[in-house]
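Structure file work_38.pdb with PDB, C-alpha atoms:
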```pdb
ATOM      1  CA  MET A  88      29.257 -31.391 -16.791
ATOM      2  CA  ASN A  89      26.171 -33.229 -15.438
ATOM      3  CA  LYS A  90      22.879 -31.601 -14.594
ATOM      4  CA  THR A  91      23.192 -32.123 -10.841
ATOM      5  CA  LEU A  92      26.474 -30.210 -10.693
ATOM      6  CA  ILE A  93      25.047 -27.351 -12.775
ATOM      7  CA  PHE A  94      21.990 -27.280 -10.529
ATOM      8  CA  PHE A  95      24.313 -27.069  -7.517
ATOM      9  CA  CYS A  96      26.352 -24.223  -9.038
ATOM     10  CA  ILE A  97      23.210 -22.247  -9.876
ATOM     11  CA  SER A  98      21.901 -22.734  -6.337
ATOM     12  CA  CYS A  99      25.183 -21.554  -4.806
ATOM     13  CA  CYS A 100      25.284 -18.476  -7.048
ATOM     14  CA  LEU A 101      21.677 -17.731  -6.116
ATOM     15  CA  LEU A 102      22.617 -17.903  -2.445
ATOM     16  CA  VAL A 103      25.696 -15.668  -2.840
ATOM     17  CA  PHE A 104      23.939 -13.056  -4.990
ATOM     18  CA  SER A 105      20.986 -12.985  -2.580
ATOM     19  CA  ILE A 106      23.373 -12.233   0.293
ATOM     20  CA  ILE A 107      24.861  -9.376  -1.765
ATOM     21  CA  VAL A 108      21.410  -7.860  -2.376
ATOM     22  CA  VAL A 109      20.521  -8.257   1.298
ATOM     23  CA  CYS A 110      23.626  -6.205   2.110
ATOM     24  CA  THR A 111      22.804  -3.496  -0.451
ATOM     25  CA  GLY A 112      18.992  -3.365  -0.706
ATOM     26  CA  PRO A 113      17.485   0.105  -0.076
ATOM     27  CA  ILE A 114      14.942  -1.057   2.505
ATOM     28  CA  ILE A 115      16.966  -3.547   4.526
ATOM     29  CA  THR A 116      20.039  -1.313   4.706
ATOM     30  CA  ASP A 117      17.863   1.781   5.391
ATOM     31  CA  ILE A 118      19.281   3.826   2.506
ATOM     32  CA  LEU A 119      16.012   5.742   2.352
ATOM     33  CA  GLY A 120      15.958   6.789   5.985
ATOM     34  CA  SER A 121      12.156   6.981   6.079
ATOM     35  CA  ALA A 122      11.630   3.429   4.844
ATOM     36  CA  SER A 123      10.419   2.277   8.262
ATOM     37  CA  ILE A 124       7.487   4.688   7.858
ATOM     38  CA  TRP A 125       6.588   3.170   4.491
ATOM     39  CA  ARG A 126       5.532  -0.074   6.132
ATOM     40  CA  SER A 127       2.852   1.527   8.324
ATOM     41  CA  GLN A 128       1.374   4.000   5.832
ATOM     42  CA  ASN A 129      -2.385   4.072   5.381
ATOM     43  CA  CYS A 130      -2.904   4.335   1.628
ATOM     44  CA  LYS A 131      -6.682   4.053   1.829
ATOM     45  CA  GLN A 132      -6.973   7.513   3.386
ATOM     46  CA  TYR A 133      -6.365   9.123  -0.018
ATOM     47  CA  SER A 134      -9.330   7.386  -1.653
ATOM     48  CA  ASP A 135     -11.446   8.047   1.453
ATOM     49  CA  GLN A 136     -10.669  11.752   1.211
ATOM     50  CA  ARG A 137     -11.653  11.828  -2.467
ATOM     51  CA  LYS A 138     -14.933  10.121  -1.657
ATOM     52  CA  TYR A 139     -15.574  12.437   1.303
ATOM     53  CA  VAL A 140     -15.003  15.555  -0.807
ATOM     54  CA  GLU A 141     -17.240  14.177  -3.553
ATOM     55  CA  ASP A 142     -20.064  13.180  -1.186
ATOM     56  CA  LYS A 143     -20.006  16.452   0.776
ATOM     57  CA  LYS A 144     -19.457  18.539  -2.383
ATOM     58  CA  LEU A 145     -16.724  20.498  -0.612
ATOM     59  CA  ILE A 146     -15.080  21.543  -3.888
ATOM     60  CA  THR A 147     -17.472  22.912  -6.477
ATOM     61  CA  ASN A 148     -15.045  24.314  -9.040
ATOM     62  CA  ASP A 149     -14.384  21.629 -11.678
ATOM     63  CA  ASP A 150     -10.728  22.536 -12.213
ATOM     64  CA  GLU A 151     -10.018  22.561  -8.476
ATOM     65  CA  LYS A 152     -11.820  19.247  -8.095
ATOM     66  CA  ASP A 153      -9.784  17.684 -10.898
ATOM     67  CA  ASN A 154      -6.540  18.970  -9.386
ATOM     68  CA  PHE A 155      -7.557  17.660  -5.981
ATOM     69  CA  ASN A 156      -8.425  14.208  -7.346
ATOM     70  CA  LYS A 157      -5.160  14.021  -9.328
ATOM     71  CA  TYR A 158      -3.187  15.066  -6.259
ATOM     72  CA  MET A 159      -4.841  12.413  -4.077
ATOM     73  CA  LYS A 160      -4.460   9.692  -6.704
ATOM     74  CA  LYS A 161      -0.747  10.455  -7.050
ATOM     75  CA  GLY A 162      -0.421  10.350  -3.276
ATOM     76  CA  GLN A 163      -2.167   6.985  -3.133
ATOM     77  CA  HIS A 164      -0.008   5.539  -5.920
ATOM     78  CA  LEU A 165       3.179   6.750  -4.208
ATOM     79  CA  CYS A 166       2.044   5.247  -0.912
ATOM     80  CA  GLU A 167       1.130   1.936  -2.543
ATOM     81  CA  ARG A 168       4.426   1.505  -4.366
ATOM     82  CA  GLN A 169       6.407   2.426  -1.251
ATOM     83  CA  LYS A 170       4.549  -0.176   0.797
ATOM     84  CA  ALA A 171       4.904  -2.686  -2.016
ATOM     85  CA  LEU A 172       8.678  -2.179  -2.229
ATOM     86  CA  TYR A 173       9.006  -2.602   1.532
ATOM     87  CA  GLY A 174       7.161  -5.918   1.520
ATOM     88  CA  LEU A 175       8.637  -7.190  -1.736
ATOM     89  CA  GLU A 176      12.245  -6.649  -0.694
ATOM     90  CA  TYR A 177      11.856  -8.830   2.361
ATOM     91  CA  ALA A 178       9.662 -11.414   0.624
ATOM     92  CA  ALA A 179      11.877 -11.763  -2.456
ATOM     93  CA  LEU A 180      15.247 -11.821  -0.679
ATOM     94  CA  VAL A 181      14.210 -14.127   2.154
ATOM     95  CA  SER A 182      12.714 -16.503  -0.420
ATOM     96  CA  ASP A 183      15.818 -16.397  -2.628
ATOM     97  CA  LEU A 184      18.076 -17.055   0.367
ATOM     98  CA  PHE A 185      15.959 -19.983   1.497
ATOM     99  CA  PHE A 186      15.683 -21.445  -2.004
ATOM    100  CA  GLY A 187      19.430 -21.074  -2.530
ATOM    101  CA  VAL A 188      20.278 -22.911   0.696
ATOM    102  CA  LEU A 189      17.663 -25.619   0.155
ATOM    103  CA  CYS A 190      18.570 -26.399  -3.454
ATOM    104  CA  SER A 191      22.311 -26.234  -2.731
ATOM    105  CA  LEU A 192      22.044 -28.840   0.023
ATOM    106  CA  LEU A 193      19.769 -31.150  -1.963
ATOM    107  CA  SER A 194      21.883 -31.009  -5.120
ATOM    108  CA  LEU A 195      25.081 -31.530  -3.113
ATOM    109  CA  LEU A 196      23.643 -34.666  -1.552
ATOM    110  CA  HIS A 197      22.605 -36.033  -4.939
ATOM    111  CA  TYR A 198      25.980 -35.169  -6.455
ATOM    112  CA  PHE A 199      27.680 -37.392  -3.886
ATOM    113  CA  GLY A 200      25.197 -40.173  -4.491
ATOM    114  CA  VAL A 201      23.040 -39.666  -1.406
ATOM    115  CA  GLY A 202      19.262 -39.937  -1.747
ATOM    116  CA  GLN A 203      19.162 -40.534  -5.481
ATOM    117  CA  VAL A 204      15.686 -42.008  -5.060
ATOM    118  CA  PHE A 205      14.448 -38.556  -4.082
ATOM    119  CA  GLN A 206      15.974 -36.789  -7.106
ATOM    120  CA  LYS A 207      12.552 -36.487  -8.701
ATOM    121  CA  VAL A 208      11.318 -34.587  -5.645
ATOM    122  CA  THR A 209      14.427 -32.356  -5.773
ATOM    123  CA  GLY A 210      13.660 -31.574  -9.399
ATOM    124  CA  ILE A 211      10.113 -30.526  -8.507
ATOM    125  CA  ILE A 212      11.415 -28.416  -5.628
ATOM    126  CA  GLY A 213      13.950 -26.723  -7.916
ATOM    127  CA  LEU A 214      11.291 -26.042 -10.538
ATOM    128  CA  ALA A 215       8.891 -24.577  -7.970
ATOM    129  CA  CYS A 216      11.592 -22.517  -6.225
ATOM    130  CA  GLY A 217      12.800 -21.132  -9.544
ATOM    131  CA  ILE A 218       9.326 -20.061 -10.644
ATOM    132  CA  ILE A 219       8.397 -18.485  -7.291
ATOM    133  CA  GLY A 220      11.777 -16.776  -6.942
ATOM    134  CA  PHE A 221      11.608 -15.478 -10.518
ATOM    135  CA  VAL A 222       8.158 -13.909 -10.049
ATOM    136  CA  LEU A 223       8.911 -12.342  -6.646
ATOM    137  CA  THR A 224      12.337 -11.005  -7.637
ATOM    138  CA  LEU A 225      11.123  -9.677 -10.987
ATOM    139  CA  ILE A 226       8.303  -7.704  -9.380
ATOM    140  CA  TYR A 227      10.672  -6.465  -6.648
ATOM    141  CA  ILE A 228      13.253  -5.235  -9.175
ATOM    142  CA  ILE A 229      10.546  -3.491 -11.226
ATOM    143  CA  TYR A 230       9.339  -1.585  -8.160
ATOM    144  CA  SER A 231      12.863  -0.830  -6.969
ATOM    145  CA  GLY A 232      13.939   0.433 -10.395
ATOM    146  CA  TYR A 233      10.804   2.546 -10.814
ATOM    147  CA  ILE A 234      11.174   4.274  -7.436
ATOM    148  CA  PHE A 235      14.918   4.719  -8.023
ATOM    149  CA  THR A 236      14.351   6.583 -11.315
ATOM    150  CA  ASN A 237      11.024   8.357 -10.679
ATOM    151  CA  ASP A 238      10.909   9.273  -6.983
ATOM    152  CA  GLY A 239      13.293  11.187  -4.760
ATOM    153  CA  PRO A 240      14.058  12.111  -1.140
ATOM    154  CA  GLY A 241      11.301  14.024   0.611
ATOM    155  CA  LYS A 242       8.561  13.163  -1.885
ATOM    156  CA  GLU A 243       5.228  12.879  -0.111
ATOM    157  CA  TYR A 244       1.569  13.818  -0.461
ATOM    158  CA  ASP A 245      -0.534  15.199   2.365
ATOM    159  CA  SER A 246      -3.935  13.526   2.570
ATOM    160  CA  THR A 247      -5.672  16.389   4.396
ATOM    161  CA  ILE A 248      -7.963  18.702   2.476
ATOM    162  CA  SER A 249      -6.826  21.876   4.225
ATOM    163  CA  SER A 250      -3.197  21.404   3.196
ATOM    164  CA  PHE A 251      -4.185  20.992  -0.437
ATOM    165  CA  ALA A 252      -6.167  24.223  -0.331
ATOM    166  CA  SER A 253      -3.056  26.162   0.665
ATOM    167  CA  THR A 254      -0.406  24.438  -1.417
ATOM    168  CA  VAL A 255       0.094  21.508  -3.756
ATOM    169  CA  LEU A 256       3.778  21.134  -2.935
ATOM    170  CA  HIS A 257       4.362  17.434  -2.440
ATOM    171  CA  TYR A 258       7.892  17.460  -1.045
ATOM    172  CA  ASP A 259       9.163  17.756   2.487
ATOM    173  CA  LEU A 260      11.746  20.507   2.076
ATOM    174  CA  ASP A 261      13.717  19.248   5.073
ATOM    175  CA  ASP A 262      14.492  16.032   3.189
ATOM    176  CA  ALA A 263      14.178  17.030  -0.475
ATOM    177  CA  ILE A 264      17.259  17.693  -2.618
ATOM    178  CA  TYR A 265      17.042  20.442  -5.229
ATOM    179  CA  LYS A 266      18.155  19.423  -8.697
ATOM    180  CA  LEU A 267      21.390  21.149  -9.777
ATOM    181  CA  ASP A 268      23.750  21.038 -12.733
ATOM    182  CA  LYS A 269      27.300  19.738 -12.464
ATOM    183  CA  ASP A 270      28.461  23.100 -11.047
ATOM    184  CA  ARG A 271      25.610  23.226  -8.505
ATOM    185  CA  ALA A 272      23.805  25.954 -10.454
ATOM    186  CA  PHE A 273      20.037  25.904 -10.896
ATOM    187  CA  ALA A 274      19.424  29.033 -13.028
ATOM    188  CA  GLU A 275      21.198  31.223 -15.596
ATOM    189  CA  TRP A 276      20.629  34.701 -17.026
ATOM    190  CA  LYS A 277      18.983  34.381 -20.431
ATOM    191  CA  ASP A 278      16.705  36.643 -22.489
ATOM    192  CA  GLY A 279      16.524  39.303 -19.782
ATOM    193  CA  LYS A 280      15.669  37.021 -16.888
ATOM    194  CA  TYR A 281      16.972  34.128 -14.847
ATOM    195  CA  LYS A 282      15.827  30.898 -16.434
ATOM    196  CA  CYS A 283      15.739  27.788 -14.254
ATOM    197  CA  PHE A 284      17.269  24.658 -15.743
ATOM    198  CA  TYR A 285      14.822  22.186 -14.240
ATOM    199  CA  TYR A 286      11.621  24.137 -13.689
ATOM    200  CA  ASP A 287       9.098  25.472 -16.183
ATOM    201  CA  LYS A 288       6.980  28.180 -14.581
ATOM    202  CA  ASP A 289       4.181  27.684 -17.113
ATOM    203  CA  LYS A 290       3.908  23.937 -16.466
ATOM    204  CA  ASP A 291       4.467  24.338 -12.693
ATOM    205  CA  ASP A 292       5.921  20.827 -12.473
ATOM    206  CA  GLU A 293       7.500  20.654  -9.035
ATOM    207  CA  ASP A 294       8.785  17.116  -9.604
ATOM    208  CA  SER A 295      11.237  18.480 -12.160
ATOM    209  CA  ILE A 296      13.087  20.746  -9.724
ATOM    210  CA  PHE A 297      13.840  18.060  -7.140
ATOM    211  CA  ALA A 298      16.485  15.366  -7.534
ATOM    212  CA  LYS A 299      15.555  11.730  -7.992
ATOM    213  CA  TYR A 300      17.326   8.893  -6.183
ATOM    214  CA  SER A 301      19.046   8.094  -9.487
ATOM    215  CA  ASP A 302      20.612  11.594  -9.526
ATOM    216  CA  LEU A 303      22.342  11.331  -6.176
ATOM    217  CA  GLY A 304      25.467   9.597  -7.431
ATOM    218  CA  LYS A 305      26.562  12.734  -9.307
ATOM    219  CA  LYS A 306      29.290  15.040  -7.999
ATOM    220  CA  GLN A 307      26.979  18.015  -7.409
ATOM    221  CA  TYR A 308      25.196  16.098  -4.661
ATOM    222  CA  ASN A 309      28.357  14.859  -2.970
ATOM    223  CA  TYR A 310      31.562  16.280  -1.627
ATOM    224  CA  HIS A 311      33.899  17.644  -4.293
ATOM    225  CA  LYS A 312      36.943  19.836  -3.769
ATOM    226  CA  ASP A 313      35.845  22.301  -6.501
ATOM    227  CA  PHE A 314      33.013  23.461  -4.258
ATOM    228  CA  THR A 315      35.272  24.297  -1.320
ATOM    229  CA  GLU A 316      37.224  27.108  -3.020
ATOM    230  CA  PRO A 317      36.407  30.348  -1.088
ATOM    231  CA  ASN A 318      36.773  32.677  -4.114
ATOM    232  CA  SER A 319      34.949  30.535  -6.619
ATOM    233  CA  GLU A 320      31.937  31.758  -8.610
ATOM    234  CA  TYR A 321      29.960  29.115  -6.751
ATOM    235  CA  LYS A 322      30.572  30.989  -3.491
ATOM    236  CA  LYS A 323      30.126  34.525  -4.910
ATOM    237  CA  CYS A 324      26.845  33.834  -6.691
ATOM    238  CA  ASP A 325      25.199  31.648  -4.102
ATOM    239  CA  ILE A 326      21.433  32.083  -3.746
ATOM    240  CA  ASN A 327      21.756  33.464  -0.214
ATOM    241  CA  ASP A 328      24.074  36.240  -1.407
ATOM    242  CA  VAL A 329      22.313  37.319  -4.592
ATOM    243  CA  THR A 330      18.644  36.980  -3.631
ATOM    244  CA  SER A 331      16.376  37.466  -0.666
ATOM    245  CA  TYR A 332      15.048  33.953  -1.154
ATOM    246  CA  GLU A 333      16.241  30.773   0.499
ATOM    247  CA  ASP A 334      15.328  28.095  -2.006
ATOM    248  CA  PRO A 335      15.434  27.605  -5.810
ATOM    249  CA  LEU A 336      11.707  26.908  -6.121
ATOM    250  CA  THR A 337      10.806  30.381  -4.830
ATOM    251  CA  VAL A 338      13.363  31.986  -7.148
ATOM    252  CA  CYS A 339      12.056  30.043 -10.133
ATOM    253  CA  LYS A 340       8.500  31.175  -9.427
ATOM    254  CA  SER A 341       9.561  34.838  -9.161
ATOM    255  CA  ASN A 342      10.852  37.386 -11.691
ATOM    256  CA  LEU A 343      14.300  38.013 -10.300
ATOM    257  CA  GLY A 344      16.397  40.778 -11.866
ATOM    258  CA  LYS A 345      20.074  40.256 -12.640
ATOM    259  CA  TYR A 346      22.463  40.585  -9.750
ATOM    260  CA  LEU A 347      25.879  42.122 -10.490
ATOM    261  CA  THR A 348      27.842  39.882 -12.853
ATOM    262  CA  CYS A 349      26.292  36.567 -11.886
ATOM    263  CA  ASP A 350      25.355  34.718 -15.060
ATOM    264  CA  LYS A 351      24.338  31.725 -12.968
ATOM    265  CA  ILE A 352      22.802  31.319  -9.538
ATOM    266  CA  TYR A 353      24.131  28.507  -7.367
ATOM    267  CA  TYR A 354      22.575  26.725  -4.439
ATOM    268  CA  SER A 355      24.413  25.693  -1.296
ATOM    269  CA  GLY A 356      21.336  24.690   0.687
ATOM    270  CA  ASN A 357      22.144  21.040   0.114
ATOM    271  CA  ASP A 358      25.539  21.516   1.778
ATOM    272  CA  ASP A 359      24.487  19.924   5.043
ATOM    273  CA  LYS A 360      23.572  16.848   2.993
ATOM    274  CA  ASN A 361      26.406  17.038   0.464
ATOM    275  CA  GLU A 362      28.462  14.213   1.856
ATOM    276  CA  ILE A 363      29.971  11.195   0.195
ATOM    277  CA  SER A 364      27.120   9.201   1.738
ATOM    278  CA  PHE A 365      24.875   9.999  -1.228
ATOM    279  CA  LYS A 366      27.340   8.342  -3.610
ATOM    280  CA  TYR A 367      27.706   5.406  -1.249
ATOM    281  CA  GLU A 368      23.951   4.925  -0.981
ATOM    282  CA  TYR A 369      23.527   5.368  -4.753
ATOM    283  CA  ASP A 370      26.149   2.685  -5.420
ATOM    284  CA  LYS A 371      24.476   0.293  -2.995
ATOM    285  CA  TRP A 372      21.059   0.728  -4.617
ATOM    286  CA  VAL A 373      22.459   0.276  -8.136
ATOM    287  CA  THR A 374      24.323  -2.832  -6.954
ATOM    288  CA  SER A 375      21.114  -4.303  -5.549
ATOM    289  CA  ILE A 376      19.306  -3.748  -8.863
ATOM    290  CA  ILE A 377      22.135  -5.250 -10.948
ATOM    291  CA  PHE A 378      22.516  -8.341  -8.781
ATOM    292  CA  GLY A 379      18.735  -8.584  -8.545
ATOM    293  CA  CYS A 380      18.675  -8.970 -12.330
ATOM    294  CA  PHE A 381      21.283 -11.732 -12.033
ATOM    295  CA  ILE A 382      19.067 -13.436  -9.451
ATOM    296  CA  ILE A 383      16.148 -13.344 -11.884
ATOM    297  CA  ALA A 384      18.302 -15.141 -14.479
ATOM    298  CA  LEU A 385      19.503 -17.652 -11.881
ATOM    299  CA  ASN A 386      15.923 -18.426 -10.879
ATOM    300  CA  ILE A 387      15.151 -19.195 -14.509
ATOM    301  CA  GLY A 388      18.163 -21.539 -14.570
ATOM    302  CA  LEU A 389      17.043 -23.143 -11.315
ATOM    303  CA  ALA A 390      13.602 -23.834 -12.761
ATOM    304  CA  ILE A 391      15.030 -25.237 -16.032
ATOM    305  CA  PHE A 392      17.529 -27.592 -14.404
ATOM    306  CA  GLY A 393      14.991 -28.560 -11.755
ATOM    307  CA  PHE A 394      12.710 -29.632 -14.575
ATOM    308  CA  LEU A 395      15.585 -31.525 -16.261
ATOM    309  CA  LEU A 396      16.392 -33.380 -13.019
ATOM    310  CA  PHE A 397      12.730 -34.281 -12.683
ATOM    311  CA  SER A 398      12.650 -35.508 -16.305
ATOM    312  CA  ASP A 399      15.798 -37.619 -15.857
ATOM    313  CA  SER A 400      14.354 -39.243 -12.750
ATOM    314  CA  SER A 401      11.041 -39.895 -14.469
ATOM    315  CA  ASN A 402      12.915 -41.605 -17.311
ATOM    316  CA  GLY A 403      14.940 -43.679 -14.903
ATOM    317  CA  ALA A 404      18.231 -41.932 -15.658
ATOM    318  CA  THR A 405      20.776 -41.354 -12.869
ATOM    319  CA  PRO A 406      23.213 -38.448 -13.222
ATOM    320  CA  LEU A 407      26.867 -39.370 -12.980
ATOM    321  CA  ARG A 408      29.213 -37.619 -10.634
TER     322      ARG A 408
END
```
Translate this file's structure into structure tokens.
Amino acid sequence: MNKTLIFFCISCCLLVFSIIVVCTGPIITDILGSASIWRSQNCKQYSDQRKYVEDKKLITNDDEKDNFNKYMKKGQHLCERQKALYGLEYAALVSDLFFGVLCSLLSLLHYFGVGQVFQKVTGIIGLACGIIGFVLTLIYIIYSGYIFTNDGPGKEYDSTISSFASTVLHYDLDDAIYKLDKDRAFAEWKDGKYKCFYYDKDKDDEDSIFAKYSDLGKKQYNYHKDFTEPNSEYKKCDINDVTSYEDPLTVCKSNLGKYLTCDKIYYSGNDDKNEISFKYEYDKWVTSIIFGCFIIALNIGLAIFGFLLFSDSSNGATPLR
């Protein structure tokens, strides 16, 4: 098989895979819901607040100052990677689509013997498109994969000083999804108290009690017939029936005594969000990452065969059909 035909096949695959990622990408398909807000975020406000607090000496306690600075830095980093993912998805996919169409048409013309004198230029174009597409898509997939595995719905940081003074909770509880086990339980009775599966009271790590985007494909976050049984333990030992609290985080921060025979406490507060849509959105995001990795490999192939076409033309060789 000659180099021109391989170059054409790679270009066509690049075009097809790019279309697939366009149809499944988290930003373009609005999987995240709040993605439109990511574009217009002002990330500089976090560093400005840190500088303002430092200049005005508004926080004098060293521990409080350290906590405040860490909180603001995390908020700035979250903001920056959200904005980066928004821009990268459009930049990478539009570029890959354009490169795929361009290189497909050029290689098809050369394959049928049209414009052979310009094959050297086509080789340079293929080499350049492959390198640019590789860099953009690689960075995009890194950001997409990082947010998919480390961030979750509702994660946000308030940049105002007053809000930090009252609470360091960095999740919007209207959008956040509490992390649950496969039976939708979040705590069990152990050693004379209810112990939360995903929250350590001593460490006070709130990130651990909320689900990440990568968790949302599991059955506990989607519709499942086991959770509809009216007489199930899940229904009898729901948080609203066994405690006076409404959310797992409050329970995990308290010292709740055992209620009746409930060895586990379950949470139904996600029920209004427990639809099959989570699984659908999870599958789409995973698909975009997988095919994005294929696109990275195809861009490498595009660059290699672009260079080979350029070399053949420089040596005076003409590929056969």
Could you expand the PyMOL selection byres ((chain A and resi 350) around 7) into the explicit residues it covers here, written as JSON, numbers by chain? {"A": [275, 276, 348, 349, 351, 352]}
Could you check the closest approach to Ile219 of chain A for each of A:Phe186, A:Leu336, A:Thr330, A:Glu167 and tell me which residue wins, using all atoms listed in the file?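 Residue with the minimum atom-to-atom distance to Ile219 of chain A: A:Phe186.
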Please evaluate the PyMOL selection byres ((chain A and resi 213) around 10) against the structure above and give the resulting residues as a JSON list (two decimals) with C-alpha atoms, keeping the file's coordinate frame.
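Below is the file that was written, out-v9.json:
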```
[["chain", "number", "residue", "atom", "x", "y", "z"],
["A", 94, "PHE", "CA", 21.99, -27.28, -10.53],
["A", 98, "SER", "CA", 21.90, -22.73, -6.34],
["A", 186, "PHE", "CA", 15.68, -21.44, -2.00],
["A", 187, "GLY", "CA", 19.43, -21.07, -2.53],
["A", 189, "LEU", "CA", 17.66, -25.62, 0.16],
["A", 190, "CYS", "CA", 18.57, -26.40, -3.45],
["A", 191, "SER", "CA", 22.31, -26.23, -2.73],
["A", 193, "LEU", "CA", 19.77, -31.15, -1.96],
["A", 194, "SER", "CA", 21.88, -31.01, -5.12],
["A", 207, "LYS", "CA", 12.55, -36.49, -8.70],
["A", 208, "VAL", "CA", 11.32, -34.59, -5.64],
["A", 209, "THR", "CA", 14.43, -32.36, -5.77],
["A", 210, "GLY", "CA", 13.66, -31.57, -9.40],
["A", 211, "ILE", "CA", 10.11, -30.53, -8.51],
["A", 212, "ILE", "CA", 11.42, -28.42, -5.63],
["A", 214, "LEU", "CA", 11.29, -26.04, -10.54],
["A", 215, "ALA", "CA", 8.89, -24.58, -7.97],
["A", 216, "CYS", "CA", 11.59, -22.52, -6.22],
["A", 217, "GLY", "CA", 12.80, -21.13, -9.54],
["A", 218, "ILE", "CA", 9.33, -20.06, -10.64],
["A", 219, "ILE", "CA", 8.40, -18.48, -7.29],
["A", 386, "ASN", "CA", 15.92, -18.43, -10.88],
["A", 388, "GLY", "CA", 18.16, -21.54, -14.57],
["A", 389, "LEU", "CA", 17.04, -23.14, -11.32],
["A", 390, "ALA", "CA", 13.60, -23.83, -12.76],
["A", 391, "ILE", "CA", 15.03, -25.24, -16.03],
["A", 392, "PHE", "CA", 17.53, -27.59, -14.40],
["A", 393, "GLY", "CA", 14.99, -28.56, -11.76],
["A", 394, "PHE", "CA", 12.71, -29.63, -14.58],
["A", 395, "LEU", "CA", 15.58, -31.52, -16.26],
["A", 396, "LEU", "CA", 16.39, -33.38, -13.02],
["A", 397, "PHE", "CA", 12.73, -34.28, -12.68]]
```
I need the residue set behind the PyMOL selection byres ((chain A and resi 325) around 10) for this file; please write it as a ChimeraX atom specification. /A:271-272,320-324,326-330,349,351-356
Atom CA of Lys157 of chain A and atom CA of Tyr139 of chain A are how many Å apart?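 Value for the atom CA of Lys157 of chain A-atom CA of Tyr139 of chain A distance: 15.0 Å.
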